[in-house]
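What follows is a set of notes on a single structure, which appears directly below.
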Amino acid sequence: MRLAIISIFLLPYLYYGGKDHRYHFTGRKVSLAEHVIHLLIGMVLLAAIVNAYRGRAIAFVAALALFLVVGAMDEYIWHRGLPEHESDLHAKGHLALLIFVVVALGTIWLEGHGWQLSNIH
């Protein structure tokens, strides 16, 4: 059940992430260096998502921590003064990723506790 739930909550992030990726080729052309940092972000997020699917909460959080470092570099170096459309796209993608993270961690915990919020019977 956990896999189905996190799959559903991953879809919005994949949608906005895909839209942002396409925008970097059709809208605002990005430099090679920014493409490299985006590749690193993609690799780190792939590792995080794989660990979410495997139910490995610590590895999931570790990959997310690395994403925060690489993503902050991207935001600080290239994403200041972005056009409104791209900034809006990033905000939606960030929110979708946050929702996925919360749902993934919540379902990993719930699965480990027999899908019960408490031990009161």
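By order of appearance in the structure tokens: chains A, B, ..., then residues from 1 within every chain, and ligands from 1 in the order shown.
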Near segment 2-5 of chain A, within 9 Å and counting only C-alpha atoms, which residues show up once chain neighbours fewer than 6 positions away are dropped, as a compact mmCIF listing (two decimals) with N, CA, C and O atoms, in the first residue's frame?
# COMPACT_ATOMS: atom_id res chain seq x y z
N ALA A 52 13.13 6.09 -0.76
CA ALA A 52 11.75 6.21 -0.29
C ALA A 52 10.97 4.96 -0.67
O ALA A 52 10.23 4.40 0.14
N TYR A 53 11.15 4.48 -1.91
CA TYR A 53 10.46 3.28 -2.35
C TYR A 53 10.93 2.04 -1.59
O TYR A 53 10.15 1.13 -1.35
N ARG A 54 12.19 2.02 -1.21
CA ARG A 54 12.72 0.88 -0.46
C ARG A 54 12.38 0.95 1.03
O ARG A 54 12.65 0.03 1.78
N GLY A 55 11.81 2.09 1.45
CA GLY A 55 11.43 2.24 2.85
C GLY A 55 12.59 2.52 3.78
O GLY A 55 12.50 2.31 4.98
N VAL A 103 4.76 12.76 2.85
CA VAL A 103 3.97 11.53 2.65
C VAL A 103 4.88 10.31 2.69
O VAL A 103 4.54 9.28 3.31
N ALA A 104 6.05 10.39 2.06
CA ALA A 104 6.97 9.24 2.06
C ALA A 104 7.41 8.90 3.48
O ALA A 104 7.36 7.74 3.90
N THR A 107 4.41 7.49 5.48
CA THR A 107 4.02 6.12 5.14
C THR A 107 5.09 5.11 5.56
O THR A 107 4.75 3.98 5.93
N ILE A 108 6.37 5.50 5.50
CA ILE A 108 7.41 4.60 6.00
C ILE A 108 7.18 4.34 7.49
O ILE A 108 7.25 3.20 7.95
N LEU A 110 4.33 4.75 9.24
CA LEU A 110 3.08 4.02 9.46
C LEU A 110 3.22 2.54 9.12
O LEU A 110 2.72 1.68 9.86
N GLU A 111 3.90 2.23 8.04
CA GLU A 111 4.09 0.83 7.67
C GLU A 111 4.87 0.09 8.76
O GLU A 111 4.57 -1.05 9.09
Task: Secondary structure check, helix (DSSP H, G or I) residues of segment 11-120 of chain A, as a ChimeraX atom specification - done: /A:11-26,32-54,57-78,84-112
Output file for the selection above: C-alpha atoms, as an mmCIF file, in the first residue's frame:
data_model
loop_
_atom_site.group_PDB
_atom_site.id
_atom_site.type_symbol
_atom_site.label_atom_id
_atom_site.label_comp_id
_atom_site.auth_asym_id
_atom_site.auth_seq_id
_atom_site.Cartn_x
_atom_site.Cartn_y
_atom_site.Cartn_z
ATOM 1 C CA LEU A 11 3.323 12.399 -9.717
ATOM 2 C CA PRO A 12 2.874 16.168 -9.112
ATOM 3 C CA TYR A 13 6.611 16.583 -8.522
ATOM 4 C CA LEU A 14 7.432 14.638 -11.693
ATOM 5 C CA TYR A 15 4.976 16.827 -13.604
ATOM 6 C CA TYR A 16 6.447 20.148 -12.431
ATOM 7 C CA GLY A 17 10.018 18.853 -12.563
ATOM 8 C CA GLY A 18 9.464 17.731 -16.146
ATOM 9 C CA LYS A 19 7.930 21.078 -17.046
ATOM 10 C CA ASP A 20 10.900 22.900 -15.525
ATOM 11 C CA HIS A 21 13.342 20.642 -17.371
ATOM 12 C CA ARG A 22 11.642 21.364 -20.703
ATOM 13 C CA TYR A 23 11.587 25.094 -19.924
ATOM 14 C CA HIS A 24 15.380 25.092 -19.667
ATOM 15 C CA PHE A 25 15.541 24.050 -23.321
ATOM 16 C CA THR A 26 12.638 26.065 -24.728
ATOM 17 C CA LEU A 32 26.502 24.180 -19.268
ATOM 18 C CA ALA A 33 27.420 24.687 -15.603
ATOM 19 C CA GLU A 34 23.742 25.008 -14.652
ATOM 20 C CA HIS A 35 22.945 21.870 -16.661
ATOM 21 C CA VAL A 36 25.651 20.037 -14.693
ATOM 22 C CA ILE A 37 24.226 21.169 -11.350
ATOM 23 C CA HIS A 38 20.748 20.121 -12.538
ATOM 24 C CA LEU A 39 22.183 16.709 -13.429
ATOM 25 C CA LEU A 40 23.623 16.418 -9.912
ATOM 26 C CA ILE A 41 20.265 17.436 -8.431
ATOM 27 C CA GLY A 42 18.540 14.796 -10.548
ATOM 28 C CA MET A 43 20.963 12.093 -9.443
ATOM 29 C CA VAL A 44 20.583 12.982 -5.765
ATOM 30 C CA LEU A 45 16.788 13.130 -6.028
ATOM 31 C CA LEU A 46 16.761 9.784 -7.835
ATOM 32 C CA ALA A 47 18.726 8.291 -4.930
ATOM 33 C CA ALA A 48 16.255 9.837 -2.477
ATOM 34 C CA ILE A 49 13.226 8.525 -4.378
ATOM 35 C CA VAL A 50 14.713 5.027 -4.666
ATOM 36 C CA ASN A 51 15.291 5.001 -0.905
ATOM 37 C CA ALA A 52 11.746 6.211 -0.294
ATOM 38 C CA TYR A 53 10.457 3.276 -2.346
ATOM 39 C CA ARG A 54 12.718 0.881 -0.456
ATOM 40 C CA ALA A 57 14.044 6.496 5.935
ATOM 41 C CA ILE A 58 17.600 7.320 7.053
ATOM 42 C CA ALA A 59 19.062 6.956 3.544
ATOM 43 C CA PHE A 60 16.091 8.937 2.180
ATOM 44 C CA VAL A 61 16.741 11.814 4.592
ATOM 45 C CA ALA A 62 20.506 11.670 3.921
ATOM 46 C CA ALA A 63 19.913 11.990 0.167
ATOM 47 C CA LEU A 64 17.498 14.864 0.816
ATOM 48 C CA ALA A 65 20.152 16.613 2.925
ATOM 49 C CA LEU A 66 22.593 16.338 0.020
ATOM 50 C CA PHE A 67 19.864 17.644 -2.283
ATOM 51 C CA LEU A 68 19.466 20.668 -0.005
ATOM 52 C CA VAL A 69 23.164 21.495 -0.398
ATOM 53 C CA VAL A 70 23.258 21.056 -4.178
ATOM 54 C CA GLY A 71 19.845 22.676 -4.635
ATOM 55 C CA ALA A 72 20.863 25.673 -2.529
ATOM 56 C CA MET A 73 23.887 26.168 -4.773
ATOM 57 C CA ASP A 74 21.597 26.142 -7.805
ATOM 58 C CA GLU A 75 19.169 28.582 -6.202
ATOM 59 C CA TYR A 76 21.871 30.954 -4.933
ATOM 60 C CA ILE A 77 23.976 31.045 -8.109
ATOM 61 C CA TRP A 78 21.433 30.887 -10.935
ATOM 62 C CA GLU A 84 7.884 35.266 -12.889
ATOM 63 C CA HIS A 85 6.763 32.217 -14.906
ATOM 64 C CA GLU A 86 9.869 30.211 -14.016
ATOM 65 C CA SER A 87 9.800 31.309 -10.379
ATOM 66 C CA ASP A 88 6.168 30.184 -10.161
ATOM 67 C CA LEU A 89 7.084 26.846 -11.747
ATOM 68 C CA HIS A 90 9.876 26.346 -9.191
ATOM 69 C CA ALA A 91 7.561 27.202 -6.291
ATOM 70 C CA LYS A 92 5.037 24.604 -7.440
ATOM 71 C CA GLY A 93 7.776 22.020 -7.898
ATOM 72 C CA HIS A 94 9.223 22.731 -4.453
ATOM 73 C CA LEU A 95 5.789 22.404 -2.834
ATOM 74 C CA ALA A 96 5.118 19.144 -4.693
ATOM 75 C CA LEU A 97 8.487 17.770 -3.525
ATOM 76 C CA LEU A 98 7.786 18.810 0.063
ATOM 77 C CA ILE A 99 4.428 17.045 -0.003
ATOM 78 C CA PHE A 100 6.092 13.901 -1.406
ATOM 79 C CA VAL A 101 8.750 13.985 1.339
ATOM 80 C CA VAL A 102 6.155 14.294 4.112
ATOM 81 C CA VAL A 103 3.973 11.534 2.651
ATOM 82 C CA ALA A 104 6.966 9.239 2.057
ATOM 83 C CA LEU A 105 8.278 9.644 5.607
ATOM 84 C CA GLY A 106 4.777 9.313 7.044
ATOM 85 C CA THR A 107 4.016 6.116 5.142
ATOM 86 C CA ILE A 108 7.414 4.601 5.999
ATOM 87 C CA TRP A 109 6.656 5.258 9.678
ATOM 88 C CA LEU A 110 3.077 4.023 9.461
ATOM 89 C CA GLU A 111 4.087 0.828 7.667
ATOM 90 C CA GLY A 112 6.651 0.162 10.385
#
Task: Interatomic distance (Å, one decimal) between atom CA of Gly81 of chain A and atom CA of Arg28 of chain A - done: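 Computed distance, atom CA of Gly81 of chain A to atom CA of Arg28 of chain A, equals 12.2 Å.
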TODO: Could you tell me how far atom CA of Lys29 of chain A lies from atom CA of His79 of chain A, in Å and to one decimal?
DONE: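 Between atom CA of Lys29 of chain A and atom CA of His79 of chain A the gap is 12.6 Å.
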